[in-house]
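This is upload_5.pdb. It holds PDB, C-alpha atoms.
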```
MODEL        1
ATOM      1  CA  MET I 214       7.628-126.711 -89.257
ATOM      2  CA  SER I 215       6.260-129.081 -91.914
ATOM      3  CA  GLY I 216       3.689-131.815 -91.425
ATOM      4  CA  ARG I 217       1.650-129.589 -89.113
ATOM      5  CA  GLY I 218      -1.682-129.845 -90.859
ATOM      6  CA  ARG I 219      -3.671-127.040 -89.361
ATOM      7  CA  PHE I 220      -7.449-126.974 -89.548
ATOM      8  CA  PRO I 221      -8.960-126.134 -91.964
ATOM      9  CA  ALA I 222      -6.878-127.305 -94.884
ATOM     10  CA  SER I 223      -8.994-125.182 -97.220
ATOM     11  CA  VAL I 224      -7.367-122.135 -95.647
ATOM     12  CA  TYR I 225      -3.927-123.278 -94.504
ATOM     13  CA  GLY I 226      -3.281-125.602 -97.434
ATOM     14  CA  GLN I 227      -2.464-122.741 -99.763
ATOM     15  CA  GLY I 228      -0.381-119.604 -99.802
ATOM     16  CA  THR I 229       2.141-118.433 -97.221
ATOM     17  CA  GLU I 230       1.978-117.065 -93.707
ATOM     18  CA  PRO I 231       0.753-113.492 -93.658
ATOM     19  CA  ASP I 232       2.047-111.033 -91.067
ATOM     20  CA  ALA I 233       0.815-112.428 -87.766
ATOM     21  CA  ARG I 234      -0.758-109.114 -86.913
ATOM     22  CA  PHE I 235      -3.210-109.494 -89.795
ATOM     23  CA  THR I 236      -4.133-112.988 -88.701
ATOM     24  CA  LEU I 237      -4.701-111.807 -85.151
ATOM     25  CA  ALA I 238      -6.809-108.902 -86.384
ATOM     26  CA  ASN I 239      -8.902-111.358 -88.429
ATOM     27  CA  GLU I 240      -9.362-113.468 -85.330
ATOM     28  CA  ARG I 241     -10.515-110.487 -83.257
ATOM     29  CA  THR I 242     -12.985-109.557 -85.972
ATOM     30  CA  PHE I 243     -14.482-113.052 -85.837
ATOM     31  CA  LEU I 244     -14.765-112.831 -82.045
ATOM     32  CA  ALA I 245     -16.520-109.483 -82.311
ATOM     33  CA  TRP I 246     -19.084-111.030 -84.653
ATOM     34  CA  ILE I 247     -19.657-113.882 -82.205
ATOM     35  CA  ARG I 248     -20.321-111.369 -79.427
ATOM     36  CA  THR I 249     -22.715-109.588 -81.778
ATOM     37  CA  ALA I 250     -24.507-112.868 -82.433
ATOM     38  CA  LEU I 251     -24.856-113.507 -78.697
ATOM     39  CA  ALA I 252     -26.270-110.018 -78.190
ATOM     40  CA  LEU I 253     -28.812-110.545 -81.006
ATOM     41  CA  LEU I 254     -29.886-113.854 -79.491
ATOM     42  CA  ALA I 255     -30.151-112.356 -76.001
ATOM     43  CA  GLY I 256     -32.305-109.534 -77.351
ATOM     44  CA  GLY I 257     -34.552-111.835 -79.321
ATOM     45  CA  VAL I 258     -35.082-114.268 -76.449
ATOM     46  CA  ALA I 259     -35.617-111.522 -73.869
ATOM     47  CA  LEU I 260     -38.277-109.954 -76.054
ATOM     48  CA  GLU I 261     -40.422-113.087 -75.932
ATOM     49  CA  LEU I 262     -39.441-114.396 -72.531
ATOM     50  CA  LEU I 263     -40.115-111.249 -70.539
ATOM     51  CA  GLY I 264     -43.722-111.106 -71.709
ATOM     52  CA  LEU I 265     -43.765-107.391 -72.391
ATOM     53  CA  GLU I 266     -47.101-105.686 -72.962
ATOM     54  CA  LEU I 267     -46.780-105.352 -76.726
ATOM     55  CA  HIS I 268     -48.726-106.507 -79.752
ATOM     56  CA  PRO I 269     -47.950-110.239 -79.535
ATOM     57  CA  GLY I 270     -47.673-110.969 -83.247
ATOM     58  CA  LEU I 271     -45.354-108.057 -83.983
ATOM     59  CA  ARG I 272     -43.330-108.727 -80.847
ATOM     60  CA  LEU I 273     -42.819-112.326 -81.970
ATOM     61  CA  ALA I 274     -41.858-111.147 -85.440
ATOM     62  CA  ALA I 275     -39.222-108.775 -84.017
ATOM     63  CA  SER I 276     -37.939-111.541 -81.772
ATOM     64  CA  LEU I 277     -37.649-113.973 -84.680
ATOM     65  CA  VAL I 278     -35.812-111.427 -86.827
ATOM     66  CA  LEU I 279     -33.218-110.948 -84.082
ATOM     67  CA  VAL I 280     -32.840-114.647 -83.330
ATOM     68  CA  ILE I 281     -32.549-115.639 -86.989
ATOM     69  CA  ALA I 282     -29.926-112.953 -87.478
ATOM     70  CA  GLY I 283     -28.174-114.358 -84.408
ATOM     71  CA  ILE I 284     -28.208-117.826 -85.969
ATOM     72  CA  LEU I 285     -26.857-116.661 -89.318
ATOM     73  CA  THR I 286     -24.089-114.500 -87.855
ATOM     74  CA  PRO I 287     -21.752-117.233 -86.512
ATOM     75  CA  VAL I 288     -22.039-119.137 -89.809
ATOM     76  CA  LEU I 289     -21.231-116.068 -91.893
ATOM     77  CA  ALA I 290     -18.506-115.081 -89.437
ATOM     78  CA  TRP I 291     -16.777-118.443 -89.817
ATOM     79  CA  PHE I 292     -16.819-118.280 -93.611
ATOM     80  CA  GLY I 293     -15.799-114.617 -93.491
ATOM     81  CA  TRP I 294     -12.831-115.519 -91.297
ATOM     82  CA  GLY I 295     -11.785-118.310 -93.654
ATOM     83  CA  ARG I 296     -12.083-116.216 -96.785
ATOM     84  CA  ALA I 297     -10.152-113.327 -95.240
ATOM     85  CA  GLU I 298      -7.400-115.633 -93.985
ATOM     86  CA  ARG I 299      -7.090-117.311 -97.368
ATOM     87  CA  ALA I 300      -6.997-113.930 -99.143
ATOM     88  CA  MET I 301      -4.187-112.798 -96.837
ATOM     89  CA  ARG I 302      -2.246-116.009 -97.442
ATOM     90  CA  LEU I 303      -2.578-115.546-101.214
ATOM     91  CA  ALA I 304      -1.900-111.791-101.106
ATOM     92  CA  GLN I 305      -5.285-111.094-102.669
ATOM     93  CA  PRO I 306      -7.736-108.317-101.848
ATOM     94  CA  LEU I 307      -9.876-109.004 -98.811
ATOM     95  CA  PRO I 308     -13.352-110.292 -99.686
ATOM     96  CA  SER I 309     -16.447-108.354 -98.780
ATOM     97  CA  SER I 310     -18.807-109.835 -96.229
ATOM     98  CA  PRO I 311     -22.587-109.836 -96.132
ATOM     99  CA  LEU I 312     -22.456-109.665 -92.336
ATOM    100  CA  GLY I 313     -22.709-105.894 -92.157
ATOM    101  CA  ALA I 314     -25.791-105.835 -94.361
ATOM    102  CA  VAL I 315     -27.408-108.726 -92.467
ATOM    103  CA  LEU I 316     -26.855-106.976 -89.156
ATOM    104  CA  GLY I 317     -28.069-103.619 -90.426
ATOM    105  CA  VAL I 318     -31.211-104.993 -92.021
ATOM    106  CA  ALA I 319     -32.030-107.239 -89.051
ATOM    107  CA  VAL I 320     -31.650-104.559 -86.404
ATOM    108  CA  SER I 321     -33.551-101.951 -88.451
ATOM    109  CA  LEU I 322     -36.343-104.390 -89.277
ATOM    110  CA  ALA I 323     -36.618-105.516 -85.659
ATOM    111  CA  GLY I 324     -36.725-101.876 -84.624
ATOM    112  CA  VAL I 325     -39.568-101.088 -87.002
ATOM    113  CA  LEU I 326     -41.508-104.162 -85.870
ATOM    114  CA  LEU I 327     -40.969-103.186 -82.248
ATOM    115  CA  LEU I 328     -42.130 -99.646 -82.879
ATOM    116  CA  LEU I 329     -45.293-101.005 -84.475
ATOM    117  CA  ALA I 330     -45.685-103.478 -81.609
ATOM    118  CA  ILE I 331     -45.623-100.572 -79.190
ATOM    119  CA  LEU I 332     -47.962 -98.382 -81.225
ATOM    120  CA  LEU I 333     -50.475-101.141 -81.959
ATOM    121  CA  ARG I 334     -50.552-102.595 -78.474
TER
ATOM    122  CA  MET H 112       7.285-113.371 -71.016
ATOM    123  CA  THR H 113       8.849-111.546 -73.954
ATOM    124  CA  LEU H 114       6.758-108.895 -75.636
ATOM    125  CA  PHE H 115       6.559-109.500 -79.358
ATOM    126  CA  ASP H 116       4.492-106.616 -80.669
ATOM    127  CA  PRO H 117       4.562-103.036 -79.384
ATOM    128  CA  GLY H 118       1.033-102.771 -80.702
ATOM    129  CA  LEU H 119       0.145-105.543 -78.243
ATOM    130  CA  GLN H 120      -1.890-107.497 -80.801
ATOM    131  CA  PRO H 121      -1.431-110.914 -79.160
ATOM    132  CA  GLU H 122      -2.488-109.395 -75.856
ATOM    133  CA  ARG H 123      -5.487-107.680 -77.451
ATOM    134  CA  THR H 124      -6.472-110.937 -79.081
ATOM    135  CA  GLU H 125      -6.415-112.742 -75.751
ATOM    136  CA  LEU H 126      -8.592-110.008 -74.284
ATOM    137  CA  ALA H 127     -11.002-110.404 -77.208
ATOM    138  CA  TRP H 128     -11.311-114.124 -76.444
ATOM    139  CA  ARG H 129     -11.896-113.260 -72.802
ATOM    140  CA  ARG H 130     -14.554-110.678 -73.673
ATOM    141  CA  THR H 131     -16.304-113.356 -75.700
ATOM    142  CA  ALA H 132     -16.115-115.774 -72.768
ATOM    143  CA  LEU H 133     -17.588-113.091 -70.509
ATOM    144  CA  ALA H 134     -20.424-112.393 -72.948
ATOM    145  CA  LEU H 135     -21.192-116.096 -73.014
ATOM    146  CA  GLY H 136     -20.985-116.264 -69.225
ATOM    147  CA  ALA H 137     -23.291-113.310 -68.694
ATOM    148  CA  GLY H 138     -25.854-114.714 -71.123
ATOM    149  CA  SER H 139     -25.637-118.104 -69.407
ATOM    150  CA  LEU H 140     -26.285-116.545 -66.003
ATOM    151  CA  VAL H 141     -29.385-114.821 -67.367
ATOM    152  CA  ALA H 142     -30.544-118.067 -68.967
ATOM    153  CA  LEU H 143     -29.893-119.870 -65.691
ATOM    154  CA  ARG H 144     -32.019-117.282 -63.901
ATOM    155  CA  LEU H 145     -34.912-117.032 -66.367
ATOM    156  CA  LEU H 146     -35.414-120.355 -68.119
ATOM    157  CA  PRO H 147     -36.267-122.646 -65.160
ATOM    158  CA  VAL H 148     -38.784-120.053 -63.944
ATOM    159  CA  ALA H 149     -40.282-119.428 -67.393
ATOM    160  CA  PHE H 150     -40.731-123.120 -68.149
ATOM    161  CA  GLY H 151     -41.429-124.164 -64.584
ATOM    162  CA  HIS H 152     -38.958-127.019 -64.448
ATOM    163  CA  PRO H 153     -35.494-127.186 -62.853
ATOM    164  CA  ALA H 154     -34.179-129.239 -65.790
ATOM    165  CA  TRP H 155     -34.072-125.968 -67.711
ATOM    166  CA  ALA H 156     -31.128-124.935 -65.563
ATOM    167  CA  PHE H 157     -29.035-127.255 -67.699
ATOM    168  CA  GLY H 158     -28.766-124.733 -70.523
ATOM    169  CA  GLY H 159     -27.404-121.967 -68.327
ATOM    170  CA  LEU H 160     -25.033-124.327 -66.540
ATOM    171  CA  ALA H 161     -23.701-125.732 -69.799
ATOM    172  CA  GLY H 162     -23.147-122.195 -71.027
ATOM    173  CA  LEU H 163     -21.239-121.294 -67.879
ATOM    174  CA  MET H 164     -19.033-124.344 -68.296
ATOM    175  CA  LEU H 165     -18.305-123.447 -71.916
ATOM    176  CA  ALA H 166     -17.544-119.864 -70.903
ATOM    177  CA  ALA H 167     -15.066-121.098 -68.294
ATOM    178  CA  MET H 168     -13.389-123.410 -70.806
ATOM    179  CA  LEU H 169     -13.180-120.574 -73.292
ATOM    180  CA  TRP H 170     -11.598-118.334 -70.657
ATOM    181  CA  ILE H 171      -8.949-120.905 -69.813
ATOM    182  CA  SER H 172      -8.138-121.677 -73.427
ATOM    183  CA  SER H 173      -7.676-117.942 -74.105
ATOM    184  CA  ARG H 174      -4.558-117.938 -71.961
ATOM    185  CA  ARG H 175      -3.252-121.150 -73.504
ATOM    186  CA  ARG H 176      -3.777-119.752 -76.964
ATOM    187  CA  TYR H 177      -1.973-116.546 -76.054
ATOM    188  CA  ARG H 178       1.001-118.493 -74.690
ATOM    189  CA  GLY H 179       1.191-120.507 -77.891
ATOM    190  CA  VAL H 180       0.950-117.406 -80.062
ATOM    191  CA  ASN H 181       3.564-115.514 -78.060
ATOM    192  CA  LEU H 182       5.941-118.457 -78.150
ATOM    193  CA  VAL H 183       5.689-118.792 -81.922
ATOM    194  CA  LEU H 184       6.085-115.095 -82.562
ATOM    195  CA  THR H 185       8.996-114.471 -80.218
ATOM    196  CA  SER H 186      10.898-117.421 -81.667
ATOM    197  CA  ASP H 187       9.887-117.265 -85.338
ATOM    198  CA  GLY H 188       9.089-113.585 -85.856
ATOM    199  CA  ASP H 189       6.054-112.040 -87.471
ATOM    200  CA  ARG H 190       5.672-114.742 -90.113
ATOM    201  CA  GLY H 191       5.591-117.550 -87.591
ATOM    202  CA  MET H 192       2.940-120.251 -87.876
ATOM    203  CA  LEU H 193       0.122-119.302 -85.570
ATOM    204  CA  PRO H 194      -2.267-121.937 -84.184
ATOM    205  CA  GLY H 195      -4.965-123.267 -86.441
ATOM    206  CA  ALA H 196      -8.642-122.457 -86.333
ATOM    207  CA  SER H 197     -10.042-125.314 -84.261
ATOM    208  CA  MET H 198     -11.047-123.004 -81.406
ATOM    209  CA  ILE H 199     -12.589-120.604 -83.880
ATOM    210  CA  ALA H 200     -14.623-123.364 -85.501
ATOM    211  CA  ILE H 201     -15.684-124.751 -82.118
ATOM    212  CA  LEU H 202     -16.835-121.317 -81.013
ATOM    213  CA  ALA H 203     -18.822-120.852 -84.231
ATOM    214  CA  VAL H 204     -20.536-124.201 -83.641
ATOM    215  CA  ILE H 205     -21.297-123.300 -80.004
ATOM    216  CA  ALA H 206     -22.778-119.949 -81.001
ATOM    217  CA  PHE H 207     -24.837-121.607 -83.741
ATOM    218  CA  ALA H 208     -26.144-124.206 -81.292
ATOM    219  CA  ILE H 209     -27.063-121.487 -78.796
ATOM    220  CA  GLY H 210     -28.917-119.834 -81.662
ATOM    221  CA  LEU H 211     -30.963-122.955 -82.347
ATOM    222  CA  VAL H 212     -31.798-123.313 -78.655
ATOM    223  CA  SER H 213     -32.808-119.647 -78.552
ATOM    224  CA  LEU H 214     -35.099-120.154 -81.529
ATOM    225  CA  ALA H 215     -36.700-123.131 -79.784
ATOM    226  CA  VAL H 216     -37.189-121.097 -76.599
ATOM    227  CA  VAL H 217     -38.834-118.267 -78.525
ATOM    228  CA  ILE H 218     -41.169-120.575 -80.443
ATOM    229  CA  VAL H 219     -42.145-122.621 -77.391
ATOM    230  CA  THR H 220     -42.787-119.452 -75.370
ATOM    231  CA  ALA H 221     -44.906-118.004 -78.162
ATOM    232  CA  LEU H 222     -46.923-121.200 -78.584
ATOM    233  CA  ARG H 223     -47.569-121.472 -74.868
ATOM    234  CA  SER H 224     -49.027-118.000 -74.688
ATOM    235  CA  VAL H 225     -51.458-118.583 -77.571
TER
ENDMDL
END
```
Please go through the file and, once you have read it, give me the structure as structure tokens.
Amino acid sequence: MSGRGRFPASVYGQGTEPDARFTLANERTFLAWIRTALALLAGGVALELLGLELHPGLRLAASLVLVIAGILTPVLAWFGWGRAERAMRLAQPLPSSPLGAVLGVAVSLAGVLLLLAILLR
Amino acid sequence: MTLFDPGLQPERTELAWRRTALALGAGSLVALRLLPVAFGHPAWAFGGLAGLMLAAMLWISSRRRYRGVNLVLTSDGDRGMLPGASMIAILAVIAFAIGLVSLAVVIVTALRSV
């Protein structure tokens, strides 16, 4: 079982194998974040592309908030996965992730901008 | 195929990969439908088609990954060495790239309507 350098070494190079169920749960969490990112991107693009009858500046702002959140999410999800996996390998407490806050702020902000875009049309 | 975990975690993980492939596929179909019309050029179909291809590859590799995971766990137990994170990294890069393309689409659409 040695000599199998798994990618990335920054995660697998230290510690010992955690229970496989924790690793699989970490993997599913990452996948859920990727699906969230795709949904954010779809929402942001649809908002602009469908040419809805809304205040154009505010509509664009809402769209950008969603798309930027959708761009950040895969990056944060990757690092979140790595940090969680490393913590499990080293039997340390799981790290917190900014992803929840990013998602919450982005969706709320986009919602407010959209509401204004509807009201100020 | 031997069942390793009564909680069906390897199976649930494969389904999660498949759900992600489906989300990518659905988004690609919408992009395939909307982008060539919005930008008035058939070359814009490339994005949706590329996405569909990636979704199909992701779907296929889900099953391969599951087989690998199940093999390791049924032979080595719950501390067996699961596959590395290459697929995870690749997926993160794909999603990030789709994000950049989405940003470009939004900005170009906004500029064209000014």
Per-residue nearest contacts chain I to chain H, cut-off 7 Å, using only C-alpha atoms, as a Markdown table:
```
| residue | atom | partner | partner_atom | distance |
| --- | --- | --- | --- | --- |
| I:Arg219 | CA | H:Gly195 | CA | 4.9 |
| I:Phe220 | CA | H:Gly195 | CA | 5.4 |
| I:Pro221 | CA | H:Ala196 | CA | 6.7 |
| I:Glu230 | CA | H:Arg190 | CA | 5.7 |
| I:Pro231 | CA | H:Arg190 | CA | 6.2 |
| I:Asp232 | CA | H:Arg190 | CA | 5.3 |
| I:Ala233 | CA | H:Asp189 | CA | 5.3 |
| I:Arg234 | CA | H:Gln120 | CA | 6.4 |
| I:Leu237 | CA | H:Thr124 | CA | 6.4 |
| I:Arg241 | CA | H:Thr124 | CA | 5.8 |
| I:Leu244 | CA | H:Thr131 | CA | 6.6 |
| I:Ile247 | CA | H:Ala206 | CA | 6.9 |
| I:Arg248 | CA | H:Thr131 | CA | 5.8 |
| I:Leu254 | CA | H:Gly210 | CA | 6.4 |
| I:Ala255 | CA | H:Gly138 | CA | 6.9 |
| I:Val258 | CA | H:Val217 | CA | 5.9 |
| I:Glu261 | CA | H:Val217 | CA | 6.0 |
| I:Leu262 | CA | H:Thr220 | CA | 6.7 |
| I:Val280 | CA | H:Leu214 | CA | 6.2 |
| I:Gly283 | CA | H:Gly210 | CA | 6.2 |
| I:Ile284 | CA | H:Gly210 | CA | 4.8 |
| I:Pro287 | CA | H:Ala203 | CA | 5.2 |
| I:Val288 | CA | H:Ala203 | CA | 6.7 |
| I:Trp291 | CA | H:Ala203 | CA | 6.4 |
```
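This file, filtered with the PyMOL selection byres ((chain I and resi 326) around 8), gives the residues Leu271, Arg272, Ala274, Ala275, Leu322, Ala323, Gly324, Val325, Leu327, Leu328, Leu329 and Ala330 of chain I.
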One-decimal distance in Å that lies between CA of Ala166 in chain H and CA of Ala259 in chain I: 20.1 Å
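Proximity ranking of I:Pro269, I:Gly295, I:Trp246, I:Ala282 relative to Val315 in chain I places I:Ala282 first, based on all atoms listed in the file.
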Enclosing box along x, y and z for every listed atom of range 192-206 of chain H, padded 5 Å each side, centre and size in Å, one decimal, as lines of an AutoDock Vina configuration file:
```
center_x = -9.9
center_y = -122.3
center_z = -83.9
size_x = 35.7
size_y = 16.0
size_z = 17.9
```
Pick from I:Pro306, I:Leu312, I:Val320, I:Arg334, whichever lies nearest to Ala245 in chain I using all atoms listed in the file: I:Leu312
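For the pair CA of Thr236 in chain I and CA of Glu298 in chain I, the separation is 6.8 Å.
Taking CA of Arg178 in chain H and CA of Tyr225 in chain I as the two end points, the separation is 21.0 Å.
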